Structures are given as structure tokens and as C-alpha cells.
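A quick write-up on the structure given underneath.
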Amino acid sequence: MQLTVWTYEGPPHVGAMRVATAMKGVHYVLHAPQGDTYADLLFTMIERNKVRPPVTYTTFQARDLGKDTAELFKKSAREAYERFKPELVLVGASCTAELIQDDPAGIGQTIGIPVPVVPVEFSAYQHKENHGAAETFYRLVRACTGNGAPRGERKPGPKTCNLLGPTALGFRHRDDVTEIRRLLEQLGVGVNVVAPLGATPADLSRIPDADFNVVLYPEVAETAARWLQKTYGQPMVSIVPIGVGATKDFITQVAQLAGVDPGPVLSGVSSRLPWYSRSVDSTYLTGKRVFIFGDASHVVAAARIATEELGFTVVGLGTYSRELARDVRAAAQKYGVPALISDDHLEVEETIAKLHPELVLGTQMERHIAKRLGLPCAVISAPVHVQDFPARYSPQMGFEGANVIFDTWVHPLMMGLEEHLLAMFREDFEFADGAGPSHLGAHTPAKAVEAQVADVAPTPEPVRPAVAAAPPAPAPKSEGHAGATVTTWTAEAEKELKKIPFFVRGKAKRNTERFAQERNIALITLETLYDAKAHFRS
Amino acid sequence: MTACEIRTKVERPVLRERGQHEVFCGLTGIVWLHRKIQDAFFLVVGSRTCAHLIQSAAGVMIFAEPRFATAILQDKDLAGLTDANEELDRVVNRLLERRPDIKLLFLVGSCPSEVIKLDLSRAALRLSKQHTGKVRVLNYSGSGIETTFTQGEDACLASMVPELPKRETDATKLLVVGSLPDVVEDQFQRLFDQLGVPVRFFPPRRSTQLPAIGPDTKFLLAQPFLADTARVLEERGATRLAAPFPFGVEGTTAWLQAAARAFGVSDEKLSAVIDPASARAKVALSNAKTRLAGKRIFFFPDSQLEVPLARFLSRELDMQLVEVGTPFLHQAHLGAELAMLPADVTVSEGQDVERQLDRCRAARPDLVVCGLGLANPLETEGLTTKWSIELVFTPVHGFDQAGDLADLFARPLVRRTKLEV
């Protein structure tokens, strides 16, 4: 048993739903108890889909268990076919139905539905959502290509590719597909099929017509793409085009497989990231310590952008996807940090607290961890949240994706010029020392907000001066993790600490206390303060 | 099995259906129960699906360290039940070490734990013994094969009833049963104080404050979904006071009146106590009434609150009821409510979601009350919807919430009229 408060991935049948919902003409009949329909709201509420996922749940109850739950499955499958008339029916079991062993896969073949019935079976007590999506997509591709039935020669002429991997409830999949299609168009490479997103079973049967496959999301499409490579000799592009460098590599590899000239596209890089990153205002980004966590492909891509394109220092990275842990370990080795392979968010939180990063790139869970620890954060990976389906065009891939990433990662940080000006004016009498930078609204110390509220509230609160010198932000909870030694500050050291710009003062205070605790220094003096400063600079 | 069957019980026909249920399972109750009983922890023994359901239903609440978790069953737990029990002990011990503030631990059964017949009642006994004096361990099932949404609370409260101390004298006189938001509980407490009726609420806010029951304990249900809890309370000698449920002015008045009469409070005194709040509530309802009167409403089954809410909307806000769907219709507890519904409304129990959607589309109601899985798709079809889950998570009982309750139904309609995009 695994004690879990929160999980990065849902069960495998939710992965199957992501594939079925992405496609057209597919209906999924799921042997499942009452309650499993909660998964519908992920699609209708998080992704705001306008139609229900194409899923029929058998809804068996305790009183059915002694009787014939297999009969219930047959009936649900037949009724679902009659009502929805899909081109293909997927059949499977959720975790509970797996235990009652009604064999939906076997039944599916015998119920006389006049369209292909494709069984998907998982081991729900072992596997998770991404595995479910990958396995479902693989099964569908096999089924729709007649299990690898031989094809004639490919037509001569311009080469084409398939875009594999985008699903429903995918992190920015909708916009990534648009961006990559545009890029391929510029290269003069035709797209044969995009799948599963928007594809019909008939489209899947045309996959072997393309010359090669582009695997946008290895978590979903790698299993199928490997089989296609083996069966139809279609090479695969597995560079995930997130970041300027990766996008250029992607273009080069695609151009090579398609036999086109990548030159014009490469020389006309349309991303602002390279210049913005070189502009002097970005100097302050140098060496910012980042921690990265998410699904494997987004983490590997983010680590490259962080180091090569923004000049950050990666202090730790990790993933919850065990299937692709090898890629993340390789990346970790490259950046000389340990890889955290874990789906326990409490372990991730401990790691972040220990590493003291200046920026966290993670999932929605890391966003909340960062908020608790008072750290800036940007979201780079699934599991998805309603915010990951923005109204505007917001890809992660390609050159526009690099622009989006530059903004998303840099905005939570203090802007360079702003940082400089704040330092210059910090002793100015009109400057509220405790107010905090405007762009970190969420981190404005409670006292300052209270003061503002009190100013407008009609309560007989004593009138406060407009420029209230609110105390500095309360120290984040992370201090609780430090050693047990109680450190105190001499008055002189404390006064010196106040001369440090307030927006880095919290960090300076924490670092100094950590430095003192690690050396069993009970009283922090001026000397300790500057010793610590030197230590952390080195 | 799915065939619709019209059955007459009492005088009203009920459409009973069996098919795909688009409802939560009983595990969902943990989301509000853990807030209510502040020193209790809920440990679901289940699958990744259970954990995923709860985090999807709980939304952002999950990001605080909540007092619930899932012990996810893995392949090796399914291989042998001995091992599963050892694993459970290990997980519980780890949890209790981490949370020494927990005084009451619920082991919550799920679909998979029920199917593999993992005996959580024996586990609860064993663990209670191990942690005697520190933590009480109880168990109930919130599985989807046995419970629908709010029935999880029923199962939870029923599991606590045997723990209530028994007392011949100075036992609780009036027990209000069903979890209410603290703000509502405080309002009712003040009203009962003014009536001079000694009252306790169940569940209590802390597990160490369990009310005692005795032969003269009478109880009022605050929620319509507590069939099992009421049964076990009656088995312990307590008496249920039949009443409508405290939604709207009429329901709240009748509910308080049932208690007042049982405790010999005169109608004059009752009026004196409740008139100010009741008058206030009527004012609060008047605005929503102009929006809602004459509008046609259709309820999909969700929380079992449907029948009392439909009664409120029909009698106090002049809405027209098209269909009132409920997952389970407790004829005895809802007797007073059903009698107040208009004769021409369809009351349905259980669900075949596809057929019900067909009926809903055909009826084109002005407002559809449904779960989150259906709401946006129905909005796309041009219907106006109200999420039913909000009716469970928002304070809606009593006089001072009557206006808020009406407003929950009015808001989607108001929004429709405002938007011009």
C-alpha cells in the first residue's frame, strides 16, 4: 500500500479516456462501478469540453456482484453502440472491474457489434495514467492498421509525416499542434495524420502512408511509434521541440528525414527569446538557482532551456514518470545534480526546501509548494489545471513556445532594472519597505494588506499614515525544517541586516541562520553575517 | 434492468431507472466531513482511482495538508489478505506518527477493498486496541458499489452511533443529526437556546465531544440522506421527530416547530423566537422570486437534497418542477416533503443518464440542476445549468441562508440575461 494524499497521475483508464476523448468516432465502454464517472468532469470542467467524453460506464453495484455483471457489460456495450454509432468501440475495465474478472476484452469480441471492438487491458494496481494513454494509443494503431498488415510502396513525391501524441487533457497540446504544423508547413513537409487528437479510426489506418513519425509527447506516443518503426520502417523524430535549441535540432532532424533544406527556416528564427535573453536587463538572470519537476519530456526540455537559453543554474530536477526516468537521470547527470524519481509530492517538497532554489519550474503541485515556501514558480508540465487551458494561443513548442516560456518563467522573478531601482530607493521616505514588489501581489506581507484594507474600511480604526512602515514579510515556514539550535542576532548584526534590500533580506537572513546553525554558532554577529555572505557567494 | 418501471408507492408514481449513474460515490463526503470533525482523519483504503476522485472533487483544498489520504492498494496487496492487513497497519502507524493530533481515524472502504473482502471492521478493532487511549479507529464504506455521494456521510455517522455514550439521566434531549456548516449550527443553537430546548449536534466538531443518548433522546434530521444513521439511532432507543427539512422559510419553520412541540414549547413562544429571522428571510427571498417565479426546473439526481429543494423552489419561489431526480428516495423520511410537491411533477429515482438527458432535452427547462460532468455540455446545447455540488458545499439551511439558497438558482439565469457574447 502506498500512502497518498495527492497523485500526479490518475489511473490508467483515465489515460485511455484521454485518447478516446481526443479522437472522433471512438466510443469507450468501461466496466466500472458508480462514482467512476467523476472522470467526466476533468474533461468538461478543466478542459471546458463542450461535449461529454465518449464513455459509457456500466455502473455495477454491490447487489450485481453475485449475479451477472458480465451481462450488464454486454447490455451497456450494445446500447452504447446503438445510441452513439461509433466507428470503433474500445472496451476495458476500471480498477474495480479488473478484480471481478468479467473479461470485457473477451466479451467485446462476441457481442455482435458491427464495428471493430478493441480491448485495452491494464494492470491498474501497478500502472498509471500515462501508461494507460500510451497502451491505448498503441492498441488502436495496431487495430486500425490491421495489426501491421503490409502496405504497398509509398507514393513518390514530397515526404510526409505523422504528428503523434497529442491527447485530450494534455498540457498545451492544442496549441503545440498548431505551432508544429506551422513549422512543418514552412519546411515544406506535409502532415499525413495528427493522432490521437482529432483523428478518426480511418485516419489511424492511414498512419503507415507517411514517411516518418514525429513523436511530440513520448509519454503517450513512444510505444506506438516504436511499433510503427519496426513494422512499417517509419523512422521517428523524438526530439521534443521545446526551447529554441531543441526546436532547431528538431527542424534539422525533420529536414533530414524529409530531404528538404532546413536553412531558410533556421536562419529566420522567429523567437524573441535569444535577444531578450542577451539584452542587458537579463543579466540578473545569470546563475539563478532553479529546481525542475514534472513529466519526463518537459523536464528534460526545461533543463536545457534553463541552462543554455536563460543562463540559470539547475540545482535539482526530477520526474514522476518512472517509464521515462532514464532520460531524466541522463539529464541530471549532464547538469551534475541528483535526479529525483518519485511520485510522492511530500518528498518533492522536502527536496525543494532543502535545495533553496530561487525559481521552481514544476506542476500545479510544485506551484503550491513554492507558494508555501515563498518562492517564485512557473508551471511547465501536466497534471493539468484549468489555468493550463488559457483562452489565448499559448504553445510550449516551437519558436512561439519559446516566447511563451520566456515570459512565463521570467515574470515571476524580479525584473533586473526594477531590482536595481528598488535598491536605490529603498531608504526613500515615500517607499514602503514592507510593501513588496508589485508583481508579487500574492506575497505582499499580510500586515501591509491589512493596513490598506483598514484605510478604506469604515470601521473606527485609528487613521494610519499612508506610508506605514510595515514589518518585513514573515519568514517562510521552511525554517522549521532547519536544525534545532536556536540562533539569535546581535543588535548590530540585525541593524546591518536591515541595510540589505528588503526583497533579498529574507533570503540573506535564512542563509545566515543556516550558516550559523550548521556551525553551531548561537549568536550571529556582524562577522557571521559577512562570513555567511562570503560563503554563499563562493 | 434498465427498463423504466413505474411503481406506485404512497399515492405518487415514481420513475425508477437503472443504467449509467452520473454521480459521485460516497467517498466524496470526506471532503466536507473532514472539515466538520476537526480531529478526525479519513484514510481511504482503495485504488489510485479513489485518490484521483477525491483530489478532483476537493479541488484546491488538496493543496493544504488535508486530514484525508488514500492507502493505494498495489499488486502485492491483492495477492494475499494477510499481507494487506500488515500493510494497512504499517500505513496507519506511519500516518499516526506524522499526525499525533488525530483522535479519531476512519478506515474508509472503497470498491476494490469491498470486492477483495478486506475486512476493515476487524482492522479497525485491531488498530483501536493497538492505539488504545490515543486514537479511536472506526470504519465505514464509501464505495461506489454501495453508496451514492451523500450516503457516504450517512455511513460515516452510522459508524459513530455505537460510540455514543449511553445515559439514563442527563442524556441529550434533542439531537440534530447531519453535518451542518458551523455558521448554520451556531444559528440553530441560538434559536434552540431561545426556545429553551437543550440541543446537541451530531457529528460534533471534535470527536471527544460525542453526545450521550438515552431513552428520552429525540432527534431531528438536518439532512435528508441519513437513512442508516436514523435506523441505528432508533435501535439505540432514540426517537425521530418527523418533519420537513430546514430549507427555506416554510421548511425551517416546520422543522423547528416539530422540536418545539415535542418539548412543550407553545406556538406563541415559537413565533416570538423565529418571527424576526423568518421575516428577514422572506425579504431576502423576494428579489430572487422575481427572477425565478414561473421558471421551469429539472433536477438530475445528485445529493438526495433534490426533493426538499424542489419543494422550497415550488412553494416559496413559484418555480415549476419538471422532473425531480434523486439517487435514492426514502419514502418515510421524505413523507412530509413529497406530500407538498405538486401532483404533476415527475419524481425519478436512480438513473439512466442517457434517457434522462433525452427527457431533459425534450422538456427544454429554464434551469437544469446537474453534476459537473453534465453542466458545460448542456450549456453548449443552450440550456442553463446550476452545479448541484454547490448545494452541498454552501451553507443553505435555515432562515438566514434561505436568500443565499434562492440566489444559487437565480444566478445562472441572471448571468444568461447579462451576457451578450
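By order in the C-alpha cells, chains are A, B, ...; within a chain, residues start at 1; ligands start at 1, following the order shown.
Near chain B, counting only C-alpha atoms at 6 Å, the chain A residues are Met1, Gln2, Leu3, Thr4, Val5, Gly10, Pro11, Pro33, Gln34, Gly35, Thr37, Asp40, Leu41, Thr44, Lys50, Val51, Tyr57, Thr58, Thr59, Gln61, Ala62, Thr96 and Tyr125 of chain A.
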Neighbour list for region 115-123 of chain A as number ranges by chain, cut-off 10 Å, only C-alpha atoms, skip fewer than 3 positions in-chain:
A: 11-13, 16, 26-30, 81, 85-95, 98, 103-112, 126-128, 131-132, 135-140, 142-144, 201; B: 74-75
Contacts of region 157-174 of chain A at 8 Å (only C-alpha atoms; same-chain gap of 5+ positions) as number ranges by chain:
A: 18-19, 21-22, 42-43, 46-47, 189-197, 207, 210-221, 225, 258-259, 381-384, 388-389, 394-396
If you run DSSP on the backbone here, which positions in region 119-203 of chain B get strand (DSSP E)? Please write them as a ChimeraX atom specification.
/B:136-141,174-177,199-202
Run DSSP on the backbone of this structure and report the residues of region 233-375 of chain B it assigns to helix (DSSP H, G or I), as a PDB file with C-alpha atoms, in the first residue's frame.
```
ATOM      1  CA  LEU B 233     -30.162   5.766  16.451  1.00  0.00           C
ATOM      2  CA  GLU B 234     -33.657   4.299  16.683  1.00  0.00           C
ATOM      3  CA  GLU B 235     -32.182   0.907  17.525  1.00  0.00           C
ATOM      4  CA  GLY B 248     -36.490  27.924   3.070  1.00  0.00           C
ATOM      5  CA  VAL B 249     -38.810  29.696   5.473  1.00  0.00           C
ATOM      6  CA  GLU B 250     -41.518  27.058   5.400  1.00  0.00           C
ATOM      7  CA  GLY B 251     -39.179  24.081   5.866  1.00  0.00           C
ATOM      8  CA  THR B 252     -37.189  25.752   8.619  1.00  0.00           C
ATOM      9  CA  THR B 253     -40.344  26.809  10.461  1.00  0.00           C
ATOM     10  CA  ALA B 254     -41.862  23.340  10.301  1.00  0.00           C
ATOM     11  CA  TRP B 255     -38.589  21.723  11.338  1.00  0.00           C
ATOM     12  CA  LEU B 256     -38.229  23.961  14.394  1.00  0.00           C
ATOM     13  CA  GLN B 257     -41.909  23.532  15.147  1.00  0.00           C
ATOM     14  CA  ALA B 258     -41.506  19.743  15.295  1.00  0.00           C
ATOM     15  CA  ALA B 259     -38.877  20.212  18.004  1.00  0.00           C
ATOM     16  CA  ALA B 260     -40.842  22.906  19.816  1.00  0.00           C
ATOM     17  CA  ARG B 261     -43.956  20.756  20.025  1.00  0.00           C
ATOM     18  CA  ALA B 262     -42.021  17.697  21.179  1.00  0.00           C
ATOM     19  CA  ASP B 267     -46.672  28.119  19.335  1.00  0.00           C
ATOM     20  CA  GLU B 268     -46.718  31.677  20.680  1.00  0.00           C
ATOM     21  CA  LYS B 269     -43.245  31.317  22.062  1.00  0.00           C
ATOM     22  CA  LEU B 270     -42.053  29.702  18.851  1.00  0.00           C
ATOM     23  CA  SER B 271     -43.436  32.637  16.857  1.00  0.00           C
ATOM     24  CA  ALA B 272     -41.828  35.141  19.160  1.00  0.00           C
ATOM     25  CA  VAL B 273     -38.447  33.454  18.705  1.00  0.00           C
ATOM     26  CA  ILE B 274     -38.469  32.809  14.973  1.00  0.00           C
ATOM     27  CA  ASP B 275     -40.524  35.695  13.604  1.00  0.00           C
ATOM     28  CA  PRO B 276     -37.645  38.166  13.210  1.00  0.00           C
ATOM     29  CA  ALA B 277     -35.469  35.636  11.320  1.00  0.00           C
ATOM     30  CA  SER B 278     -38.411  34.383   9.292  1.00  0.00           C
ATOM     31  CA  ALA B 279     -39.428  37.917   8.264  1.00  0.00           C
ATOM     32  CA  ARG B 280     -35.828  38.660   7.310  1.00  0.00           C
ATOM     33  CA  ALA B 281     -35.706  35.524   5.186  1.00  0.00           C
ATOM     34  CA  LYS B 282     -38.891  36.465   3.343  1.00  0.00           C
ATOM     35  CA  VAL B 283     -37.376  39.817   2.424  1.00  0.00           C
ATOM     36  CA  ALA B 284     -34.233  38.062   1.235  1.00  0.00           C
ATOM     37  CA  LEU B 285     -36.295  35.736  -0.960  1.00  0.00           C
ATOM     38  CA  SER B 286     -38.324  38.452  -2.632  1.00  0.00           C
ATOM     39  CA  ASN B 287     -35.602  39.528  -5.043  1.00  0.00           C
ATOM     40  CA  ALA B 288     -34.841  36.014  -6.227  1.00  0.00           C
ATOM     41  CA  LYS B 289     -38.542  35.329  -6.560  1.00  0.00           C
ATOM     42  CA  THR B 290     -38.916  37.914  -9.298  1.00  0.00           C
ATOM     43  CA  ARG B 291     -36.227  36.052 -11.230  1.00  0.00           C
ATOM     44  CA  LEU B 292     -37.403  32.529 -10.555  1.00  0.00           C
ATOM     45  CA  GLU B 306     -33.447  17.320  -4.541  1.00  0.00           C
ATOM     46  CA  VAL B 307     -36.911  16.662  -3.099  1.00  0.00           C
ATOM     47  CA  PRO B 308     -36.754  19.206  -0.247  1.00  0.00           C
ATOM     48  CA  LEU B 309     -35.127  21.783  -2.529  1.00  0.00           C
ATOM     49  CA  ALA B 310     -37.788  21.238  -5.177  1.00  0.00           C
ATOM     50  CA  ARG B 311     -40.448  21.734  -2.522  1.00  0.00           C
ATOM     51  CA  PHE B 312     -38.798  25.024  -1.496  1.00  0.00           C
ATOM     52  CA  LEU B 313     -38.483  26.272  -5.082  1.00  0.00           C
ATOM     53  CA  SER B 314     -42.013  25.307  -5.952  1.00  0.00           C
ATOM     54  CA  ARG B 315     -43.796  26.662  -2.849  1.00  0.00           C
ATOM     55  CA  GLU B 316     -41.725  29.675  -1.876  1.00  0.00           C
ATOM     56  CA  GLY B 335     -43.037  11.747   3.517  1.00  0.00           C
ATOM     57  CA  ALA B 336     -43.817  15.317   4.556  1.00  0.00           C
ATOM     58  CA  GLU B 337     -41.801  16.700   1.640  1.00  0.00           C
ATOM     59  CA  LEU B 338     -43.397  14.516  -1.037  1.00  0.00           C
ATOM     60  CA  ALA B 339     -46.841  15.491   0.187  1.00  0.00           C
ATOM     61  CA  VAL B 353     -28.253   9.212 -17.661  1.00  0.00           C
ATOM     62  CA  GLU B 354     -28.762   8.908 -21.412  1.00  0.00           C
ATOM     63  CA  ARG B 355     -32.539   8.502 -21.123  1.00  0.00           C
ATOM     64  CA  GLN B 356     -32.738  11.269 -18.583  1.00  0.00           C
ATOM     65  CA  LEU B 357     -30.802  13.579 -20.912  1.00  0.00           C
ATOM     66  CA  ASP B 358     -33.298  12.713 -23.650  1.00  0.00           C
ATOM     67  CA  ARG B 359     -36.166  13.727 -21.348  1.00  0.00           C
ATOM     68  CA  CYS B 360     -34.368  16.900 -20.307  1.00  0.00           C
ATOM     69  CA  ARG B 361     -33.653  17.941 -23.903  1.00  0.00           C
ATOM     70  CA  ALA B 362     -37.249  17.276 -24.852  1.00  0.00           C
ATOM     71  CA  ALA B 363     -38.573  19.341 -21.940  1.00  0.00           C
ATOM     72  CA  LEU B 372     -20.170  18.969 -13.196  1.00  0.00           C
ATOM     73  CA  GLY B 373     -19.779  16.264 -15.821  1.00  0.00           C
ATOM     74  CA  LEU B 374     -23.016  17.361 -17.497  1.00  0.00           C
ATOM     75  CA  ALA B 375     -23.150  21.120 -16.913  1.00  0.00           C
TER      76      ALA B 375
END
```
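Note that CA of Val290 (chain A) and CA of Leu359 (chain A) are 4.8 Å apart.
Relative to CA of Ala491 (chain A), CA of Asn520 (chain A) is found at 19.3 Å.
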Straight-line distance linking CA of Ser270 (chain A) with CA of Gly188 (chain A), stated in Å to one decimal
17.0 Å
All residues 9 Å or closer to Thr351 (chain A), only C-alpha atoms, same chain fewer than 5 positions away omitted, as an NGL selection string
:A and (316 or 340 or 346 or 356)
For Thr132 (chain B), please output as a count of residues only all residues within 12 Å (counting only C-alpha atoms; exclusion window: fewer than 6 positions along the same chain).
5
Give me the residues near Thr394 (chain B) as a PyMOL selection string, where near means some atom within 9 Å (using only C-alpha atoms) and where sequence neighbours in that chain fewer than 4 positions away do not count.
chain B and resi 181+389-390+404-405
